>>> print(open('upload_25.cif').read())   # mmCIF, C-alpha atoms
data_target
#
loop_
_atom_site.label_atom_id
_atom_site.label_comp_id
_atom_site.auth_asym_id
_atom_site.auth_seq_id
_atom_site.Cartn_x
_atom_site.Cartn_y
_atom_site.Cartn_z
CA MET A 17 -7.38 -4.48 50.23
CA SER A 18 -4.44 -3.24 48.17
CA LEU A 19 -3.49 0.39 47.71
CA GLU A 20 -3.93 -0.06 43.96
CA LEU A 21 -7.56 -1.16 44.39
CA VAL A 22 -8.26 1.83 46.64
CA ALA A 23 -6.76 4.22 44.07
CA ILE A 24 -8.68 2.67 41.16
CA GLY A 25 -11.87 2.57 43.19
CA GLY A 26 -11.46 6.26 44.02
CA LEU A 27 -11.00 7.13 40.33
CA VAL A 28 -14.09 5.11 39.37
CA LEU A 29 -16.28 6.86 41.95
CA TRP A 30 -14.84 10.25 40.96
CA LEU A 31 -15.74 9.53 37.34
CA ALA A 32 -19.25 8.50 38.45
CA TRP A 33 -19.61 11.82 40.34
CA CYS A 34 -18.41 13.77 37.28
CA ASN A 35 -20.85 11.84 35.11
CA GLY A 36 -23.74 12.76 37.39
CA ALA A 37 -22.73 16.43 37.44
CA ASN A 38 -22.44 16.63 33.65
CA ASP A 39 -25.35 14.40 32.61
CA VAL A 40 -28.25 15.17 34.96
CA ALA A 41 -29.10 18.24 32.87
CA LYS A 42 -29.95 16.08 29.87
CA GLY A 43 -33.02 14.73 31.65
CA VAL A 44 -34.30 17.87 33.36
CA ALA A 45 -33.29 20.76 31.07
CA THR A 46 -36.76 20.87 29.49
CA LEU A 47 -38.40 21.24 32.92
CA VAL A 48 -36.26 24.25 33.76
CA GLY A 49 -36.24 25.76 30.27
CA SER A 50 -40.03 25.64 30.03
CA GLY A 51 -40.46 27.30 33.42
CA GLU A 52 -42.15 24.22 34.90
CA SER A 53 -39.58 23.80 37.68
CA VAL A 54 -36.83 25.65 39.47
CA ALA A 55 -33.36 24.21 38.99
CA ARG A 56 -32.98 22.71 42.46
CA ARG A 57 -36.22 20.75 42.32
CA ALA A 58 -35.48 19.52 38.80
CA VAL A 59 -31.95 18.39 39.71
CA LEU A 60 -33.23 16.47 42.74
CA TRP A 61 -35.82 14.80 40.51
CA GLY A 62 -33.20 13.88 37.92
CA GLY A 63 -30.76 12.62 40.56
CA LEU A 64 -33.40 10.36 42.11
CA TRP A 65 -34.28 8.71 38.81
CA THR A 66 -30.62 8.46 37.81
CA VAL A 67 -29.94 6.35 40.91
CA ALA A 68 -33.04 4.24 40.20
CA GLY A 69 -31.84 3.58 36.66
CA GLY A 70 -28.32 2.83 37.82
CA LEU A 71 -29.54 0.27 40.34
CA THR A 72 -31.72 -1.37 37.70
CA ALA A 73 -28.54 -1.97 35.69
CA ILE A 74 -27.76 -4.77 38.17
CA VAL A 75 -30.23 -6.95 36.26
CA TRP A 76 -30.38 -5.13 32.91
CA GLY A 77 -26.92 -3.78 32.23
CA MET A 78 -24.55 -6.75 32.14
CA ALA A 79 -24.04 -6.50 28.37
CA LEU A 80 -22.54 -3.04 28.82
CA VAL A 81 -20.33 -4.28 31.67
CA ASP A 82 -18.92 -6.90 29.30
CA THR A 83 -18.39 -4.36 26.52
CA PHE A 84 -16.51 -1.85 28.66
CA SER A 85 -14.51 -4.34 30.71
CA ARG A 86 -12.91 -6.48 27.97
CA GLY A 87 -15.17 -6.31 24.92
CA LEU A 88 -13.12 -3.59 23.22
CA LEU A 89 -9.70 -5.05 24.08
CA ALA A 90 -7.86 -7.66 22.02
CA PRO A 91 -7.70 -11.23 23.39
CA GLY A 92 -4.63 -11.62 25.52
CA PHE A 93 -4.37 -7.94 26.42
CA GLY A 94 -3.03 -7.81 29.95
CA VAL A 95 -5.32 -5.58 31.96
CA ASP A 96 -3.36 -4.15 34.88
CA ALA A 97 -3.47 -1.22 37.29
CA ILE A 98 -1.53 1.06 34.92
CA TYR A 99 -4.10 0.54 32.16
CA LEU A 100 -7.06 1.10 34.50
CA VAL A 101 -5.61 4.24 36.10
CA GLY A 102 -4.68 5.69 32.71
CA ALA A 103 -8.10 5.03 31.15
CA LEU A 104 -9.99 6.39 34.16
CA ALA A 105 -7.77 9.44 34.53
CA GLY A 106 -8.22 10.29 30.85
CA ALA A 107 -12.01 9.92 30.89
CA GLY A 108 -12.56 11.47 34.31
CA GLY A 109 -10.14 14.33 33.77
CA TRP A 110 -11.89 15.50 30.63
CA VAL A 111 -15.46 15.10 31.98
CA TRP A 112 -14.49 16.99 35.14
CA LEU A 113 -12.89 19.82 33.16
CA ALA A 114 -15.88 20.08 30.81
CA THR A 115 -18.30 20.18 33.74
CA ARG A 116 -16.37 23.03 35.34
CA PHE A 117 -16.95 25.09 32.18
CA GLY A 118 -20.59 24.06 31.77
CA LEU A 119 -19.86 22.07 28.61
CA PRO A 120 -22.17 19.06 28.05
CA VAL A 121 -20.00 16.15 26.92
CA SER A 122 -20.39 12.40 26.53
CA THR A 123 -19.00 10.20 29.29
CA THR A 124 -19.33 7.26 26.89
CA HIS A 125 -17.10 9.01 24.35
CA ALA A 126 -14.66 9.90 27.13
CA LEU A 127 -14.52 6.28 28.30
CA LEU A 128 -13.92 5.05 24.76
CA GLY A 129 -11.13 7.60 24.43
CA GLY A 130 -9.66 6.51 27.76
CA ILE A 131 -9.74 2.83 26.78
CA ALA A 132 -8.19 3.48 23.37
CA GLY A 133 -5.56 5.91 24.63
CA ALA A 134 -4.37 3.70 27.49
CA ALA A 135 -4.26 0.57 25.32
CA LEU A 136 -2.40 2.32 22.50
CA ALA A 137 0.15 3.78 24.91
CA LEU A 138 0.86 0.40 26.51
CA VAL A 139 0.86 -2.07 23.60
CA GLY A 140 -0.14 -0.18 20.44
CA PRO A 141 -3.02 -0.96 18.03
CA ASP A 142 -2.70 -4.70 18.72
CA GLY A 143 -4.26 -4.11 22.12
CA LEU A 144 -7.65 -3.10 20.69
CA ARG A 145 -10.45 -4.84 18.84
CA LEU A 146 -10.72 -2.15 16.21
CA SER A 147 -13.74 -3.73 14.51
CA ALA A 148 -15.63 -3.91 17.82
CA LEU A 149 -14.65 -0.34 18.64
CA ALA A 150 -15.96 0.85 15.26
CA ASN A 151 -19.11 -1.25 14.90
CA LYS A 152 -20.39 -1.64 18.45
CA ALA A 153 -19.25 1.68 19.90
CA MET A 154 -18.48 4.38 17.35
CA LEU A 155 -21.30 3.65 14.90
CA PRO A 156 -24.14 3.98 17.47
CA LEU A 157 -22.52 7.10 18.89
CA LEU A 158 -22.34 8.74 15.46
CA LEU A 159 -25.83 7.71 14.38
CA GLY A 160 -27.49 8.55 17.71
CA PRO A 161 -27.78 12.34 17.26
CA ALA A 162 -29.06 12.04 13.67
CA ILE A 163 -31.71 9.52 14.68
CA ALA A 164 -32.70 11.69 17.65
CA ILE A 165 -33.17 14.74 15.41
CA LEU A 166 -35.40 12.79 13.00
CA VAL A 167 -37.47 11.11 15.71
CA CYS A 168 -37.96 14.35 17.62
CA TRP A 169 -38.94 16.11 14.41
CA ALA A 170 -41.59 13.44 13.75
CA LEU A 171 -42.92 13.71 17.29
CA LEU A 172 -43.18 17.47 16.92
CA LEU A 173 -45.36 16.99 13.84
CA VAL A 174 -47.71 14.88 15.95
CA ALA A 175 -47.49 17.36 18.81
CA ARG A 176 -48.36 20.17 16.42
CA GLN A 177 -51.67 18.49 15.70
CA LEU A 178 -52.30 17.96 19.39
CA ALA A 179 -51.32 21.57 20.06
CA ARG A 180 -54.55 22.68 18.46
CA LEU A 181 -56.18 21.63 21.72
CA VAL A 182 -53.91 24.03 23.62
CA PRO A 183 -54.54 27.80 23.53
CA ALA A 184 -51.93 29.82 21.67
CA TRP A 185 -50.20 32.76 23.30
CA ARG A 186 -51.66 36.15 22.42
CA PRO A 187 -49.94 39.50 23.04
CA GLY A 188 -51.55 41.23 25.99
CA CYS A 189 -53.02 38.02 27.37
CA CYS A 190 -50.22 37.41 29.90
CA PRO A 191 -46.42 37.30 30.05
CA GLN A 192 -45.08 34.71 27.61
CA LYS A 193 -43.24 32.88 30.39
CA ALA A 194 -46.53 32.45 32.26
CA TRP A 195 -48.08 30.98 29.10
CA GLN A 196 -45.17 28.56 28.70
CA LYS A 197 -45.82 27.29 32.21
CA ASP A 198 -49.60 26.98 31.73
CA PRO A 199 -51.00 27.68 28.23
CA PHE A 200 -54.56 27.74 29.53
CA VAL A 201 -54.09 31.12 31.16
CA CYS A 202 -54.68 32.44 27.62
CA ALA A 203 -57.75 30.29 26.98
CA LEU A 204 -60.72 31.91 25.31
CA PRO A 205 -64.13 31.27 26.90
CA SER A 206 -64.86 28.64 24.23
CA GLU A 207 -61.60 26.80 25.04
CA GLN A 208 -62.04 26.63 28.81
CA ASP A 209 -63.30 23.54 30.56
CA SER A 210 -66.90 23.58 31.67
CA LYS A 211 -65.90 23.13 35.30
CA SER A 212 -64.03 25.92 37.01
CA LEU A 213 -60.77 24.16 37.85
CA PRO A 214 -57.58 25.92 38.94
CA LYS A 215 -55.79 24.13 36.10
CA PRO A 216 -57.72 22.40 33.27
CA ARG A 217 -57.37 18.65 32.83
CA ARG A 218 -55.46 18.90 29.58
CA ALA A 219 -52.83 21.17 31.12
CA GLN A 220 -52.54 18.84 34.12
CA PHE A 221 -52.01 15.88 31.80
CA LEU A 222 -49.32 17.69 29.82
CA THR A 223 -47.54 18.74 33.01
CA ARG A 224 -47.54 15.20 34.40
CA LEU A 225 -46.39 13.76 31.10
CA HIS A 226 -43.52 16.27 31.06
CA TRP A 227 -42.35 15.19 34.52
CA LEU A 228 -42.70 11.50 33.66
CA SER A 229 -40.80 11.88 30.39
CA SER A 230 -38.04 13.69 32.26
CA ALA A 231 -37.89 10.84 34.76
CA ALA A 232 -37.64 8.36 31.88
CA VAL A 233 -34.60 10.19 30.44
CA SER A 234 -32.85 10.25 33.82
CA PHE A 235 -33.71 6.60 34.46
CA GLY A 236 -32.44 5.62 31.01
CA ARG A 237 -29.15 7.48 31.37
CA GLY A 238 -28.53 5.90 34.77
CA LEU A 239 -29.27 2.48 33.30
CA ASN A 240 -26.96 3.11 30.34
CA ASP A 241 -24.04 4.80 32.13
CA ALA A 242 -23.71 3.00 35.47
CA PRO A 243 -22.55 -0.37 34.04
CA LYS A 244 -20.01 1.32 31.73
CA ILE A 245 -18.30 2.97 34.69
CA ALA A 246 -18.75 0.02 37.08
CA ALA A 247 -16.96 -2.24 34.56
CA PHE A 248 -13.65 -0.66 35.60
CA LEU A 249 -14.27 -1.32 39.27
CA TRP A 250 -15.16 -4.92 38.43
CA LEU A 251 -11.86 -5.24 36.56
CA ALA A 252 -9.97 -3.85 39.54
CA VAL A 253 -11.61 -6.40 41.84
CA SER A 254 -10.77 -9.22 39.43
CA LEU A 255 -7.10 -8.22 39.67
CA SER A 256 -7.08 -8.43 43.47
CA PRO A 257 -6.29 -12.01 44.58
CA GLY A 258 -7.92 -11.56 47.96
CA LEU A 259 -11.30 -10.50 46.54
CA PRO A 260 -13.08 -13.16 44.47
CA PRO A 261 -14.92 -11.72 41.46
CA GLU A 262 -17.96 -13.98 41.84
CA GLY A 263 -21.04 -11.82 42.26
CA GLY A 264 -18.78 -8.81 41.99
CA THR A 265 -20.88 -6.85 39.53
CA MET A 266 -23.61 -5.96 42.03
CA TRP A 267 -21.81 -3.79 44.55
CA PRO A 268 -19.72 -1.86 41.99
CA ILE A 269 -22.92 -0.83 40.20
CA ILE A 270 -24.55 0.16 43.51
CA LEU A 271 -21.59 2.36 44.47
CA VAL A 272 -21.42 3.92 41.00
CA ALA A 273 -25.17 4.63 40.92
CA LEU A 274 -25.06 6.35 44.30
CA CYS A 275 -22.08 8.49 43.31
CA MET A 276 -23.83 9.45 40.07
CA GLY A 277 -26.78 10.63 42.15
CA LEU A 278 -24.55 12.64 44.48
CA GLY A 279 -22.76 14.25 41.54
CA SER A 280 -26.12 15.15 40.02
CA VAL A 281 -27.34 16.94 43.14
CA TRP A 282 -24.14 18.80 43.99
CA GLY A 283 -22.67 19.54 40.59
CA GLY A 284 -25.40 19.53 37.98
CA TYR A 285 -26.23 23.22 37.70
CA ARG A 286 -23.59 24.59 35.32
CA VAL A 287 -24.45 22.31 32.40
CA LEU A 288 -28.15 22.70 33.21
CA ARG A 289 -28.01 26.44 32.62
CA VAL A 290 -26.60 25.84 29.14
CA LEU A 291 -29.06 23.19 27.95
CA ALA A 292 -32.12 24.81 29.52
CA HIS A 293 -31.62 28.31 28.13
CA ARG A 294 -28.99 28.39 25.39
CA VAL A 295 -30.14 25.87 22.76
CA VAL A 296 -33.83 26.41 22.00
CA PRO A 297 -36.91 28.00 23.65
CA LEU A 298 -38.77 25.24 25.49
CA ASP A 299 -42.35 24.61 26.57
CA HIS A 300 -44.31 21.56 27.73
CA ARG A 301 -45.09 20.36 24.22
CA ASN A 302 -41.63 20.38 22.67
CA GLY A 303 -40.06 19.39 26.01
CA VAL A 304 -42.15 16.22 26.11
CA ALA A 305 -41.24 15.44 22.49
CA ALA A 306 -37.51 15.84 23.22
CA ASN A 307 -37.69 13.73 26.38
CA LEU A 308 -39.67 10.91 24.76
CA THR A 309 -37.13 10.80 21.93
CA THR A 310 -34.17 10.64 24.31
CA SER A 311 -35.63 8.12 26.75
CA GLY A 312 -36.89 5.81 23.99
CA LEU A 313 -33.55 5.64 22.18
CA VAL A 314 -31.44 5.31 25.35
CA LEU A 315 -33.63 2.57 26.86
CA LEU A 316 -33.60 0.67 23.57
CA ALA A 317 -29.81 0.94 23.36
CA SER A 318 -29.44 -0.29 26.95
CA SER A 319 -31.56 -3.38 26.26
CA LEU A 320 -29.37 -4.16 23.22
CA GLY A 321 -26.09 -3.53 25.05
CA LEU A 322 -25.18 -0.59 22.80
CA PRO A 323 -23.14 2.24 24.36
CA LEU A 324 -25.33 5.11 23.17
CA SER A 325 -24.44 8.56 24.47
CA THR A 326 -27.26 10.23 26.41
CA THR A 327 -25.54 13.56 25.79
CA HIS A 328 -25.60 13.16 22.03
CA VAL A 329 -29.18 11.89 21.93
CA ALA A 330 -30.56 14.52 24.33
CA THR A 331 -28.86 17.44 22.63
CA GLY A 332 -29.76 15.95 19.25
CA ALA A 333 -33.40 15.97 20.34
CA LEU A 334 -33.10 19.65 21.33
CA PHE A 335 -31.60 20.39 17.92
CA GLY A 336 -34.58 18.55 16.44
CA VAL A 337 -36.88 20.95 18.30
CA ARG A 338 -34.91 23.90 17.01
CA LEU A 339 -34.97 22.72 13.40
CA GLY A 340 -38.51 21.36 13.45
CA GLU A 341 -39.97 24.58 14.86
CA ARG A 342 -37.56 26.87 13.00
CA HIS A 343 -36.51 28.76 16.09
CA ALA A 344 -33.97 31.50 15.76
CA PRO A 345 -30.79 30.97 17.78
CA PRO A 346 -31.22 32.22 21.38
CA ALA A 347 -29.01 34.83 22.96
CA GLN A 348 -25.60 33.33 23.80
CA ASP A 349 -26.29 30.38 21.50
CA ALA A 350 -24.42 27.33 22.80
CA VAL A 351 -24.67 25.11 19.72
CA LYS A 352 -21.10 25.74 18.50
CA MET A 353 -19.75 25.10 21.98
CA ILE A 354 -21.68 21.81 22.23
CA LEU A 355 -20.52 20.63 18.81
CA PHE A 356 -16.95 21.49 19.80
CA GLY A 357 -17.35 19.29 22.87
CA TRP A 358 -18.60 16.42 20.73
CA LEU A 359 -15.58 16.64 18.42
CA VAL A 360 -12.81 16.88 21.00
CA THR A 361 -14.04 14.57 23.78
CA LEU A 362 -12.72 11.28 22.43
CA PRO A 363 -9.30 12.50 21.22
CA LEU A 364 -8.63 14.62 24.32
CA ALA A 365 -9.63 11.78 26.68
CA ALA A 366 -7.39 9.45 24.66
CA LEU A 367 -4.46 11.86 24.89
CA LEU A 368 -4.89 12.27 28.64
CA ALA A 369 -5.14 8.48 29.09
CA ALA A 370 -2.08 7.84 26.93
CA ALA A 371 -0.07 10.46 28.83
CA GLY A 372 -1.13 9.05 32.19
CA SER A 373 -0.38 5.43 31.21
CA GLY A 374 2.96 6.35 29.69
CA LEU A 375 3.95 8.31 32.77
CA LEU A 376 3.02 5.49 35.13
CA ARG A 377 4.86 2.93 33.04
CA SER A 378 8.04 5.01 33.09
CA LEU A 379 8.07 5.28 36.90
#
>>> encode(input="upload_25.cif", output="structure tokens")
Amino acid sequence: MSLELVAIGGLVLWLAWCNGANDVAKGVATLVGSGESVARRAVLWGGLWTVAGGLTAIVWGMALVDTFSRGLLAPGFGVDAIYLVGALAGAGGWVWLATRFGLPVSTTHALLGGIAGAALALVGPDGLRLSALANKAMLPLLLGPAIAILVCWALLLVARQLARLVPAWRPGCCPQKAWQKDPFVCALPSEQDSKSLPKPRRAQFLTRLHWLSSAAVSFGRGLNDAPKIAAFLWLAVSLSPGLPPEGGTMWPIILVALCMGLGSVWGGYRVLRVLAHRVVPLDHRNGVAANLTTSGLVLLASSLGLPLSTTHVATGALFGVRLGERHAPPAQDAVKMILFGWLVTLPLAALLAAAGSGLLRSL
């Protein structure tokens, strides 16, 4: 095994760890923000389903492997170690830095920036399939948040009708946080179930649906992100003459999925605090709506081989909750910070990748 392969493999797994640390919050923020779960339990839950989704990409994520290995590069572009190191350093460097500051960013955007920056630095615009980059990558990423806002808004209208079955909070009934965790603590005698249960059936159903919808988001993001990152490890293996590439997509995805899970568990708390408490007040009802929106769009994109950003869709769904329910901005509102992250991720990752590739080429 060459030193180059070890270095590239280390960068790939580091990027997978950074992805887990930054992205796990998108699936479990509603659990923590609604008071349903403490952060540690929610992060463990999200990490478990992230790994499950990543492993499922072995049979369901090959289209994304193709897109992020060579699908965005021009025919004849010579993929080499300098290109791979530059692209990975650009993407991983930005995602790591953003995670340190609790900024939710898109690993997909960072990877696209890394690919574009490294290719431009090495051979110029001729190294990229600009039409593929625009139509198959940029267009879904730009449309994803808008679609998420609209879908979540529609789901909230449905949820508003269903909410009539759930007791509303009344001043003096209980602390509002206790009501967010279990609305039936404020139930009037006419609203209570006939049987004296510790938690009425409707509240139990809503709680279970919330956990399942959170699992679906984490599963979908693992399914969508693992093959994008593993594509670079597959390329590194294909460059190594002693390691035949046949069947080589399975173990890169396994390694990436496991590192995403580890990054989720050990590094996922900073971004979680932002999304859970600094975008919109959350409860079971709007949390389920946001999660169903995110998981549905991400799973659909994965099946079509489209590189949709879980970050953009999940935060777009939270914006949909905020707009649909006309919530006032919370204290320490993070919306401007999140939008800033959306705008700068691709160009900054591209600049880092171009600088890294140019530096390596000059050595």
>>> closest_residue(input="upload_25.cif", among="A:Leu119, A:Leu113, A:Cys190, A:Leu155", to="Phe356 in chain A", atoms="all atoms listed in the file")
A:Leu119
>>> resolve_selection(input="upload_25.cif", expression="the PyMOL selection byres ((chain A and resi 135-140) around 7)", output="list in words")
Tyr99, Ile131, Ala132, Gly133, Ala134, Pro141, Asp142, Gly143, Leu144, Ala370, Ser373 and Gly374 of chain A
>>> residues_around(input="upload_25.cif", residues="Val290 in chain A", least_positions_apart="2", cutoff="9 Å", atoms="all atoms listed in the file", output="PyMOL selection string")
chain A and resi 41+45+118-120+285-288+292-295+349-350
>>> closest_residue(input="upload_25.cif", among="A:Val351, A:Val233, A:Leu249, A:Leu171", to="Asp39 in chain A", atoms="only C-alpha atoms")
A:Val233
>>> atom_distance(input="upload_25.cif", atom1="CA of Val59 in chain A", atom2="CA of Leu166 in chain A")
27.5 Å
>>> resolve_selection(input="upload_25.cif", expression="the PyMOL selection byres ((chain A and resi 158) around 12)", output="PyMOL selection string")
chain A and resi 122+124-125+150-157+159-164+323-325+327-329+332+358-359
>>> atom_distance(input="upload_25.cif", atom1="CA of Val272 in chain A", atom2="CA of Leu29 in chain A")
6.0 Å
>>> closest_residue(input="upload_25.cif", among="A:Ala273, A:Leu173, A:Leu298, A:Leu88", to="Ser234 in chain A", atoms="all atoms listed in the file")
A:Ala273
>>> atom_distance(input="upload_25.cif", atom1="CA of Phe93 in chain A", atom2="CA of Arg145 in chain A")
10.2 Å
>>> resolve_selection(input="upload_25.cif", expression="the PyMOL selection byres ((chain A and resi 101) around 9)", output="count of residues only")
18
>>> closest_residue(input="upload_25.cif", among="A:Asn35, A:Thr66, A:Thr72, A:Thr46", to="Met266 in chain A", atoms="only C-alpha atoms")
A:Thr72
>>> closest_residue(input="upload_25.cif", among="A:Val44, A:Val296, A:Ile245, A:Ala305", to="Leu31 in chain A", atoms="all atoms listed in the file")
A:Ile245
>>> residues_around(input="upload_25.cif", residues="Leu271 in chain A", least_positions_apart="4", cutoff="9 Å", atoms="only C-alpha atoms", output="VMD selection string")
chain A and resid 29 32 246 266 to 267 275 to 276
>>> closest_residue(input="upload_25.cif", among="A:Cys34, A:Leu80, A:Leu291, A:Ala170", to="Ala107 in chain A", atoms="only C-alpha atoms")
A:Cys34
>>> residues_around(input="upload_25.cif", residues="Trp282 in chain A", least_positions_apart="6", cutoff="10 Å", atoms="all atoms listed in the file", output="PDB file with C-alpha atoms, in the coordinates of the input")
ATOM      1  CA  TRP A  33     -19.610  11.820  40.340  1.00  0.00           C
ATOM      2  CA  GLY A  36     -23.740  12.760  37.390  1.00  0.00           C
ATOM      3  CA  ALA A  37     -22.730  16.430  37.440  1.00  0.00           C
ATOM      4  CA  ARG A  56     -32.980  22.710  42.460  1.00  0.00           C
ATOM      5  CA  VAL A  59     -31.950  18.390  39.710  1.00  0.00           C
ATOM      6  CA  LEU A  60     -33.230  16.470  42.740  1.00  0.00           C
ATOM      7  CA  GLY A  63     -30.760  12.620  40.560  1.00  0.00           C
TER       8      GLY A  63
END
>>> residues_around(input="upload_25.cif", residues="Ser229 in chain A", least_positions_apart="6", cutoff="7 Å", atoms="only C-alpha atoms", output="list of chain:residue names")
A:Val304, A:Asn307, A:Leu308
>>> residues_around(input="upload_25.cif", residues="Ile165 in chain A", least_positions_apart="4", cutoff="8 Å", atoms="only C-alpha atoms", output="ChimeraX atom specification")
/A:161,169,332-337
